[in-house]
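K.L.:
Let me begin by handing over the structure; questions about it come next.
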Amino acid sequence: MADAIRHLEHISLRAWPALETQLYDGWLLRFSNGYTGRANSVNPFDGSSLSLDEKIAYCENLYAKRQLDMRFRMNEAVFPSELDATLAQHGYDYFSETHVLVCDLAQHPPMTDTRFQFTEKFTEKWLAAYTSMNDTAPRHIPTLHAMLQNIESDTCFGSMMGDAAVGLAVRKDNFVGLFDIVVDASQRRQGLGKGLVSSLMAWGLSQGASSAYLQVVAENAPAQTLYAHLGFALHHKYWYRIKCYKVL
């Protein structure tokens, strides 16, 4: 299972690129001006030869220079296996458990909603709709703009009923990842979320993907229920170990 977790984690990291990455003794360090935890965290999924205390201190120094909270993105396949306990001993708090869900597209064939529209190229219109509905802080919009334009894999920028709901699909290898799913608060309970997700999955299937994946906060019960109805099941969990940046 550890190999399957690492494989899907690497797929998702390539699908959602950070502005800057650094490989350090098997750990992938990502920096994106503080926008999202995934793009501003250490991903310790591969081999390691240096001592843990040395590596942790190195990472803390790099993130402090950028005035970023120090985050380690953890799962059951991190390397070395004692990292989570070691970070807890170093004063890192457990934060934001998230479920990575996967759907076999052959077993659960998706349907394209008649209200669905999409473009395979990034547009300012899609970005404006997403940032408005998601209440994205203005300081983060240029970073998100750059990140979306840096995606190298096949993309589908989808919308429902104009801009009542939007979402992004990224196909990498035989996986299609779903990101940035949001529905206008005034337009909910009309099946827009279900239609959007199903349509993005159908696009991925048409592009050669055999599996879909997405990430959802563990406490988000409505989203968990929706995704279960569409055929998604738990693949693995991840969480953060975080130490907030402090100005000395």
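Ligands are numbered from 1 in the order shown, residues from 1 within each chain, and chains are lettered A, B, ... in the order they appear in the structure tokens.
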For the structure I just gave you, how does DSSP split region 109-154 of chain A - specifically, which residues are helix (DSSP H, G or I)? Reply as a ChimeraX atom specification.

P.N.:
/A:124-133,138-149

K.L.:
Would you write out, as CSV, a table of all residues in region 49-167 of chain A that have an atom no more than 10 Å from an atom of region 211-220 of chain A, listing for each the closest atom pair and the distance in Å to one decimal, considering only C-alpha atoms and ordering rows by chain and rising residue number?

P.N.:
```
residue,atom,partner,partner_atom,distance
A:Ser96,CA,A:Val217,CA,7.0
A:Glu97,CA,A:Ala218,CA,5.8
A:Thr98,CA,A:Val217,CA,4.3
A:His99,CA,A:Val216,CA,5.4
A:Val100,CA,A:Gln215,CA,4.6
A:Leu101,CA,A:Tyr213,CA,5.4
A:Val102,CA,A:Tyr213,CA,4.3
A:Cys103,CA,A:Ala212,CA,5.1
A:Asp104,CA,A:Ser211,CA,4.7
A:Leu105,CA,A:Ser211,CA,5.3
A:Ala106,CA,A:Ser211,CA,8.1
A:Gln107,CA,A:Ser211,CA,9.7
A:His108,CA,A:Ser211,CA,9.7
```

K.L.:
Could you save those same residues with N, CA and C atoms as a compact mmCIF listing (two decimals), in the first residue's frame?

P.N.:
```
# COMPACT_ATOMS: atom_id res chain seq x y z
N SER A 96 -5.50 19.46 10.10
CA SER A 96 -6.23 19.33 8.84
C SER A 96 -6.11 17.95 8.19
N GLU A 97 -6.74 16.94 8.82
CA GLU A 97 -6.78 15.62 8.20
C GLU A 97 -7.62 15.67 6.93
N THR A 98 -7.09 15.10 5.86
CA THR A 98 -7.74 15.14 4.55
C THR A 98 -7.79 13.73 3.97
N HIS A 99 -8.88 13.41 3.28
CA HIS A 99 -9.04 12.10 2.65
C HIS A 99 -8.76 12.21 1.15
N VAL A 100 -7.95 11.31 0.65
CA VAL A 100 -7.73 11.18 -0.79
C VAL A 100 -8.63 10.06 -1.27
N LEU A 101 -9.59 10.41 -2.12
CA LEU A 101 -10.58 9.45 -2.61
C LEU A 101 -10.29 9.10 -4.06
N VAL A 102 -10.56 7.85 -4.42
CA VAL A 102 -10.31 7.38 -5.78
C VAL A 102 -11.56 6.67 -6.30
N CYS A 103 -11.81 6.84 -7.61
CA CYS A 103 -12.94 6.19 -8.26
C CYS A 103 -12.46 5.46 -9.51
N ASP A 104 -12.83 4.20 -9.64
CA ASP A 104 -12.55 3.42 -10.85
C ASP A 104 -13.60 3.80 -11.89
N LEU A 105 -13.16 4.41 -12.97
CA LEU A 105 -14.10 4.94 -13.96
C LEU A 105 -14.80 3.86 -14.77
N ALA A 106 -14.20 2.69 -14.84
CA ALA A 106 -14.86 1.58 -15.54
C ALA A 106 -16.00 1.02 -14.70
N GLN A 107 -15.81 0.94 -13.41
CA GLN A 107 -16.84 0.41 -12.52
C GLN A 107 -17.95 1.42 -12.26
N HIS A 108 -17.61 2.71 -12.35
CA HIS A 108 -18.58 3.78 -12.08
C HIS A 108 -18.53 4.79 -13.23
```

K.L.:
Taking only C-alpha atoms into account, which of A:Leu50, A:Lys121, A:Arg6, A:Gln22 comes nearest Asn150 (chain A)?

P.N.:
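That would be A:Lys121, the residue with the smallest distance to Asn150 (chain A).
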
K.L.:
Could you tell me how far CA of Cys156 (chain A) sits from CA of Leu127 (chain A), in Å to one decimal place?

P.N.:
12.8 Å

K.L.:
Excluding Glu124 (chain A) and any residue of its chain fewer than 2 positions from it, enumerate the residues within 12 Å of it, using only C-alpha atoms, and give them as a list in words.

P.N.:
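Listed by chain and then number, they are Thr119, Lys121, Phe122, Trp126, Leu127, Ala128, Ala129, Tyr130, Thr131, Ile141, Pro142, Leu144, His145, Ala146, Leu148, Gln149 and Phe157 of chain A.
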
K.L.:
Write the selection just made, keeping N, CA and C atoms, as a PDB file, in the first residue's frame?

P.N.:
```pdb
ATOM      1  N   THR A 119     -13.455  24.486 -21.109  1.00  0.00           N
ATOM      2  CA  THR A 119     -12.368  24.821 -22.018  1.00  0.00           C
ATOM      3  C   THR A 119     -11.132  24.101 -21.532  1.00  0.00           C
ATOM      4  N   LYS A 121      -8.174  25.211 -21.954  1.00  0.00           N
ATOM      5  CA  LYS A 121      -7.162  26.238 -21.720  1.00  0.00           C
ATOM      6  C   LYS A 121      -7.588  27.137 -20.564  1.00  0.00           C
ATOM      7  N   PHE A 122      -6.634  27.577 -19.800  1.00  0.00           N
ATOM      8  CA  PHE A 122      -6.902  28.513 -18.709  1.00  0.00           C
ATOM      9  C   PHE A 122      -7.500  29.803 -19.243  1.00  0.00           C
ATOM     10  N   TRP A 126     -12.653  32.023 -15.911  1.00  0.00           N
ATOM     11  CA  TRP A 126     -12.747  30.912 -14.963  1.00  0.00           C
ATOM     12  C   TRP A 126     -12.109  31.306 -13.637  1.00  0.00           C
ATOM     13  N   LEU A 127     -10.942  31.923 -13.695  1.00  0.00           N
ATOM     14  CA  LEU A 127     -10.242  32.327 -12.482  1.00  0.00           C
ATOM     15  C   LEU A 127     -11.078  33.313 -11.676  1.00  0.00           C
ATOM     16  N   ALA A 128     -11.698  34.280 -12.353  1.00  0.00           N
ATOM     17  CA  ALA A 128     -12.516  35.269 -11.651  1.00  0.00           C
ATOM     18  C   ALA A 128     -13.702  34.609 -10.954  1.00  0.00           C
ATOM     19  N   ALA A 129     -14.334  33.650 -11.622  1.00  0.00           N
ATOM     20  CA  ALA A 129     -15.471  32.954 -11.021  1.00  0.00           C
ATOM     21  C   ALA A 129     -15.022  32.149  -9.803  1.00  0.00           C
ATOM     22  N   TYR A 130     -13.919  31.426  -9.931  1.00  0.00           N
ATOM     23  CA  TYR A 130     -13.441  30.605  -8.822  1.00  0.00           C
ATOM     24  C   TYR A 130     -13.057  31.459  -7.626  1.00  0.00           C
ATOM     25  N   THR A 131     -12.254  32.483  -7.840  1.00  0.00           N
ATOM     26  CA  THR A 131     -11.768  33.293  -6.714  1.00  0.00           C
ATOM     27  C   THR A 131     -12.911  34.043  -6.041  1.00  0.00           C
ATOM     28  N   ILE A 141      -4.335  35.860  -5.436  1.00  0.00           N
ATOM     29  CA  ILE A 141      -4.808  35.643  -6.802  1.00  0.00           C
ATOM     30  C   ILE A 141      -3.673  35.605  -7.821  1.00  0.00           C
ATOM     31  N   PRO A 142      -2.669  36.499  -7.762  1.00  0.00           N
ATOM     32  CA  PRO A 142      -1.558  36.382  -8.720  1.00  0.00           C
ATOM     33  C   PRO A 142      -0.817  35.043  -8.613  1.00  0.00           C
ATOM     34  N   LEU A 144      -2.136  32.097  -7.582  1.00  0.00           N
ATOM     35  CA  LEU A 144      -2.997  31.077  -8.186  1.00  0.00           C
ATOM     36  C   LEU A 144      -2.971  31.190  -9.701  1.00  0.00           C
ATOM     37  N   HIS A 145      -2.999  32.398 -10.215  1.00  0.00           N
ATOM     38  CA  HIS A 145      -2.931  32.633 -11.662  1.00  0.00           C
ATOM     39  C   HIS A 145      -1.687  31.967 -12.238  1.00  0.00           C
ATOM     40  N   ALA A 146      -0.552  32.193 -11.613  1.00  0.00           N
ATOM     41  CA  ALA A 146       0.716  31.622 -12.099  1.00  0.00           C
ATOM     42  C   ALA A 146       0.723  30.106 -11.983  1.00  0.00           C
ATOM     43  N   LEU A 148      -1.848  28.009 -12.059  1.00  0.00           N
ATOM     44  CA  LEU A 148      -2.722  27.412 -13.067  1.00  0.00           C
ATOM     45  C   LEU A 148      -2.082  27.435 -14.447  1.00  0.00           C
ATOM     46  N   GLN A 149      -1.354  28.494 -14.738  1.00  0.00           N
ATOM     47  CA  GLN A 149      -0.701  28.591 -16.039  1.00  0.00           C
ATOM     48  C   GLN A 149       0.525  27.693 -16.137  1.00  0.00           C
ATOM     49  N   PHE A 157     -11.045  23.088 -17.649  1.00  0.00           N
ATOM     50  CA  PHE A 157     -11.604  24.116 -16.778  1.00  0.00           C
ATOM     51  C   PHE A 157     -13.118  24.118 -17.003  1.00  0.00           C
TER      52      PHE A 157
END
```

K.L.:
Could you check how far CA of Ala185 (chain A) sits from CA of Ala39 (chain A), in Å to one decimal?

P.N.:
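Atom-to-atom, CA of Ala185 (chain A) and CA of Ala39 (chain A) are spaced 26.3 Å apart.
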
K.L.:
Between A:Phe72, A:Thr114, A:Ser159, A:Glu82, which has the minimum distance to Phe95 (chain A) (counting only C-alpha atoms)?

P.N.:
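Using only C-alpha atoms, the shortest distance to Phe95 (chain A) belongs to A:Phe72.
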
K.L.:
So which bits of region 6-219 of chain A end up strand (DSSP E or B) when you DSSP the backbone, as a PyMOL selection string?

P.N.:
chain A and resi 20-24+27-31+42-43+70-75+93-104+116-119+154-160+165-172+175-183+211-217

K.L.:
Go through A:Ser210, A:Ser41, A:Gln224, A:Ser153 one by one, measure the shortest atom-to-atom distance of each to Lys194 (chain A) using only C-alpha atoms, and give the residue with the smallest value.

P.N.:
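Looking at the shortest contact to Lys194 (chain A), the residue is A:Gln224.
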
K.L.:
Name the closest residue to Arg38 (chain A) among the candidates A:Met133, A:Met70, A:Ala165, A:Leu52; distances are taken between atoms, counting only C-alpha atoms.

P.N.:
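Of A:Met133, A:Met70, A:Ala165, A:Leu52, the one nearest Arg38 (chain A) is A:Met70, counting only C-alpha atoms.
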
K.L.:
Find the residues around Lys55 (chain A) up to 9 Å (only C-alpha atoms counted), leave out those fewer than 4 positions away in its own chain, and share them as a ChimeraX atom specification.

P.N.:
/A:24-25,50-51,59-60

K.L.:
Using C-alpha atoms, can you write the selected residues to a file as a short mmCIF file (atom, residue, chain, number, x, y, z; two decimals), in the first residue's frame?

P.N.:
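New file out.cif:
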```cif
data_model
loop_
_atom_site.label_atom_id
_atom_site.label_comp_id
_atom_site.auth_asym_id
_atom_site.auth_seq_id
_atom_site.Cartn_x
_atom_site.Cartn_y
_atom_site.Cartn_z
CA TYR A 24 16.40 17.66 -0.60
CA ASP A 25 17.64 14.19 0.30
CA LEU A 50 20.74 12.47 6.51
CA SER A 51 19.73 12.66 10.18
CA CYS A 59 13.66 22.89 6.16
CA GLU A 60 12.76 25.23 9.02
#
```

K.L.:
Quick one: residues within 7 Å of region 11-14 of chain A, only C-alpha atoms counted, chain neighbours fewer than 4 positions away excluded, as number ranges by chain?

P.N.:
A: 7, 172, 177

K.L.:
Write to file, as a CSV table (one decimal), in the first residue's frame, the residues of the selection just made, with N, CA and C atoms.

P.N.:
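And here is the file that came out, out-v5.csv:
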```
chain,number,residue,atom,x,y,z
A,7,HIS,N,2.9,6.7,-5.1
A,7,HIS,CA,2.6,6.9,-6.5
A,7,HIS,C,1.6,7.9,-6.8
A,172,LYS,N,-3.1,13.2,-15.7
A,172,LYS,CA,-1.7,12.8,-15.7
A,172,LYS,C,-1.6,11.3,-15.7
A,177,GLY,N,-7.2,14.1,-11.9
A,177,GLY,CA,-7.4,14.7,-10.6
A,177,GLY,C,-8.4,15.8,-10.7
```

K.L.:
Can you work out the spacing between CA of Asp173 (chain A) and CA of Val197 (chain A) in Å, to one decimal?

P.N.:
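Result for CA of Asp173 (chain A) versus CA of Val197 (chain A): 19.3 Å, one decimal.
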
K.L.:
Check the smallest atom-to-atom distance from each of A:Thr21, A:Asn61, A:Trp203, A:Asn33 to Arg139 (chain A) using only C-alpha atoms, then report the winner.

P.N.:
A:Asn33

K.L.:
With distances taken over only C-alpha atoms, which residue among A:Ser199, A:Ser206, A:Ser49, A:Thr36 lies nearest Asp113 (chain A)?

P.N.:
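For Asp113 (chain A), the nearest of the candidates is A:Ser199.
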
K.L.:
Neighbours of Leu200 (chain A) within 9 Å (only C-alpha atoms; same-chain residues fewer than 2 positions away dropped), as a list in words?

P.N.:
Pro110, Thr112, Phe116, Phe118, Cys156, Phe157, Gly158, Gly167, Leu168, Ala169, Val176, Leu178, Gly195, Leu196, Val197, Ser198, Ala202, Trp203, Gly204 and Leu205 of chain A

K.L.:
Taking 4 positions as the minimum chain separation for residues in the same chain, which residues sit within 10 Å of Glu9 (chain A) when counting only C-alpha atoms? Answer as a PyMOL selection string.

P.N.:
chain A and resi 3-5+13-15+43+45+75+77+100+236+238
